Amino acid sequence: MSSRFDTRAIHAGQEFDPATGAVVPPIYQTSTFVQDGIGGLRGGYEYARSGNPTRDSLQTLLAALEGGSHGVAFSSGLAAEDALLRAVLRPGDHVVLGNDVYGGTHRLISRVHGPWGVEVDPVEMSDFDQIRAAVRQGSTKVLWVETPSNPLMKITDIAALAEIGKEAGALVVVDNTFASPALQRPLELGADVVVHSTTKYLGGHSDVLGGAVVTSDEELAEKVRFLQFAAGAVLAPMEAWLTVRGIKTLGVRMERHSKNALAVAEHFAEHPKIERVYYAGLPTHPGHELAARQMTSFGGMLSIALKDGEQAARTMAESTKLFQLAESLGGVESLIGYPAEMTHASVRGTPLEVAPNILRLSVGIEDVDDLLEDLEQALPRS
């Protein structure tokens, strides 16, 4: 029987324990598995790096959420990205990357894979002429995009990008961390691969680190799984179990995140101290109509640019009470960040550099009036 998203989020890969009837599958906190004679593996399990039932339950769940056939869970989002890139790229290959992506992704491709002969060009992913101009026939192997992007919340037409990827013979990879599969499913729009930092909305409680690759390409999935096994950046059982627990409430959490973020965006859209609000839920956002078509809601992330510049942004970031100054995003509690020196410090001096008057908000699920009061009191007085 097919099921809808919120039902899959609770039940996919989460069958009750047949030995005891426990509704919640147990955590298989073990490093190895007894064999019934040499090579006699029970359920295919021999050693925790090659496979673990708790990790497998999460991988099944991840694939079901994204509408893919294969999910592979890693120890972090960057570990997932690294395995995918190594599965696809060889020396001399080329990546076209959104010019507004997580700084760690750019650092991974340019400074880790770069010395091995991989080249990267950051481009504006909403400008398809620019993308086509950047593509190198025969050597461009990956088109990599975040939508909404980090931290300027740009929206890219996934279906159109998928067509460009098909023309170029390049893999289209969508980082779906900001939207989560509750709001957007890139594989259904034509993307080849989805990547996640499961640390964020999927885990949802700021208590677990992880990453994932999801695809319906069996050959690619096998390459990624081999790298997961051979290089060893696997997700531990406890982290897998915590991520599964978080995912069970993903749908209802994303409804509240989106509702609160929209209220914050609308509050500051015409504020005298705010130069600009970056949030696709506002009709003034250039990607608003596209986001409304390819997303079911606009998510919990937004950024604001302060009119009074860098010092005003720094002061506000250090003056909030409920919005805690911290890296990361997607937890039930609200966070505030200063991208220029936090999440995007590694891209200063590159085309991905973030303006010093911008703050990024991960809007949590607290009472929205308390959140608005907190942000107002933190604004510098002049």
# chains A, B, ... in the order shown; residues from 1 in each chain; ligands from 1
>>> residues_around(residues="range 181-196 of chain A", least_positions_apart="2", cutoff="6 Å", atoms="only C-alpha atoms", output="JSON, numbers by chain")
{"A": [66, 77, 159, 162, 172, 173, 174, 175, 176, 177, 179, 198, 211, 212, 213, 214, 215, 251, 295, 296, 297]}
>>> residues_around(residues="range 36-53 of chain A", least_positions_apart="3", cutoff="12 Å", atoms="only C-alpha atoms", output="MDAnalysis selection string")
chainID A and resid 13:15 17 25:33 56:60 72:75 225:238 240:241
>>> residues_around(residues="range 322-328 of chain A", least_positions_apart="5", cutoff="8 Å", atoms="only C-alpha atoms", output="list in words")
Lys200, Ala317, Glu333, Ser334, Leu335, Ile336, Gly337, Met342, Thr343, Leu371, Asp374 and Leu375 of chain A
>>> write_last_selection(atoms="N, CA and C atoms", output="mmCIF file, in the first residue's frame")
data_model
loop_
_atom_site.group_PDB
_atom_site.id
_atom_site.type_symbol
_atom_site.label_atom_id
_atom_site.label_comp_id
_atom_site.auth_asym_id
_atom_site.auth_seq_id
_atom_site.Cartn_x
_atom_site.Cartn_y
_atom_site.Cartn_z
ATOM 1 N N LYS A 200 20.541 18.938 10.314
ATOM 2 C CA LYS A 200 19.669 20.105 10.330
ATOM 3 C C LYS A 200 18.204 19.711 10.534
ATOM 4 N N ALA A 317 23.534 40.420 16.307
ATOM 5 C CA ALA A 317 23.830 38.994 16.469
ATOM 6 C C ALA A 317 24.225 38.662 17.895
ATOM 7 N N GLU A 333 14.899 25.046 18.273
ATOM 8 C CA GLU A 333 15.204 26.342 18.864
ATOM 9 C C GLU A 333 15.744 27.287 17.794
ATOM 10 N N SER A 334 15.494 28.586 17.963
ATOM 11 C CA SER A 334 15.930 29.580 16.989
ATOM 12 C C SER A 334 17.406 29.906 17.164
ATOM 13 N N LEU A 335 18.092 30.049 16.030
ATOM 14 C CA LEU A 335 19.509 30.398 16.018
ATOM 15 C C LEU A 335 19.737 31.609 15.126
ATOM 16 N N ILE A 336 20.766 32.379 15.458
ATOM 17 C CA ILE A 336 21.171 33.509 14.629
ATOM 18 C C ILE A 336 22.649 33.345 14.308
ATOM 19 N N GLY A 337 23.027 33.703 13.092
ATOM 20 C CA GLY A 337 24.419 33.560 12.693
ATOM 21 C C GLY A 337 24.887 34.750 11.884
ATOM 22 N N MET A 342 31.166 33.197 10.123
ATOM 23 C CA MET A 342 30.801 31.906 10.694
ATOM 24 C C MET A 342 30.681 30.873 9.567
ATOM 25 N N THR A 343 29.502 30.647 9.060
ATOM 26 C CA THR A 343 29.292 29.575 8.079
ATOM 27 C C THR A 343 30.030 29.802 6.768
ATOM 28 N N LEU A 371 9.609 35.554 19.624
ATOM 29 C CA LEU A 371 10.729 35.677 18.694
ATOM 30 C C LEU A 371 10.818 37.094 18.129
ATOM 31 N N ASP A 374 12.142 39.462 20.710
ATOM 32 C CA ASP A 374 13.576 39.271 20.912
ATOM 33 C C ASP A 374 14.379 39.976 19.813
ATOM 34 N N LEU A 375 13.959 39.815 18.576
ATOM 35 C CA LEU A 375 14.679 40.452 17.467
ATOM 36 C C LEU A 375 14.578 41.971 17.546
#
>>> residues_around(residues="Ala170 in chain A", least_positions_apart="2", cutoff="9 Å", atoms="only C-alpha atoms", output="number ranges by chain")
A: 95, 138-143, 164-168, 172
>>> closest_residue(among="A:Leu202, A:Val23, A:Val120, A:Leu85", to="Ser180 in chain A", atoms="only C-alpha atoms")
A:Leu202
>>> select_by_dssp(residues="range 285-346 of chain A", states="strand (DSSP E)", output="list of chain:residue names")
A:Met301, A:Leu302, A:Ser303, A:Ile304, A:Ala305, A:Leu306, A:Gln324, A:Leu325, A:Leu335, A:Ile336, A:Gly337
>>> atom_distance(atom1="CA of Ser303 in chain A", atom2="CA of Ser362 in chain A")
8.7 Å
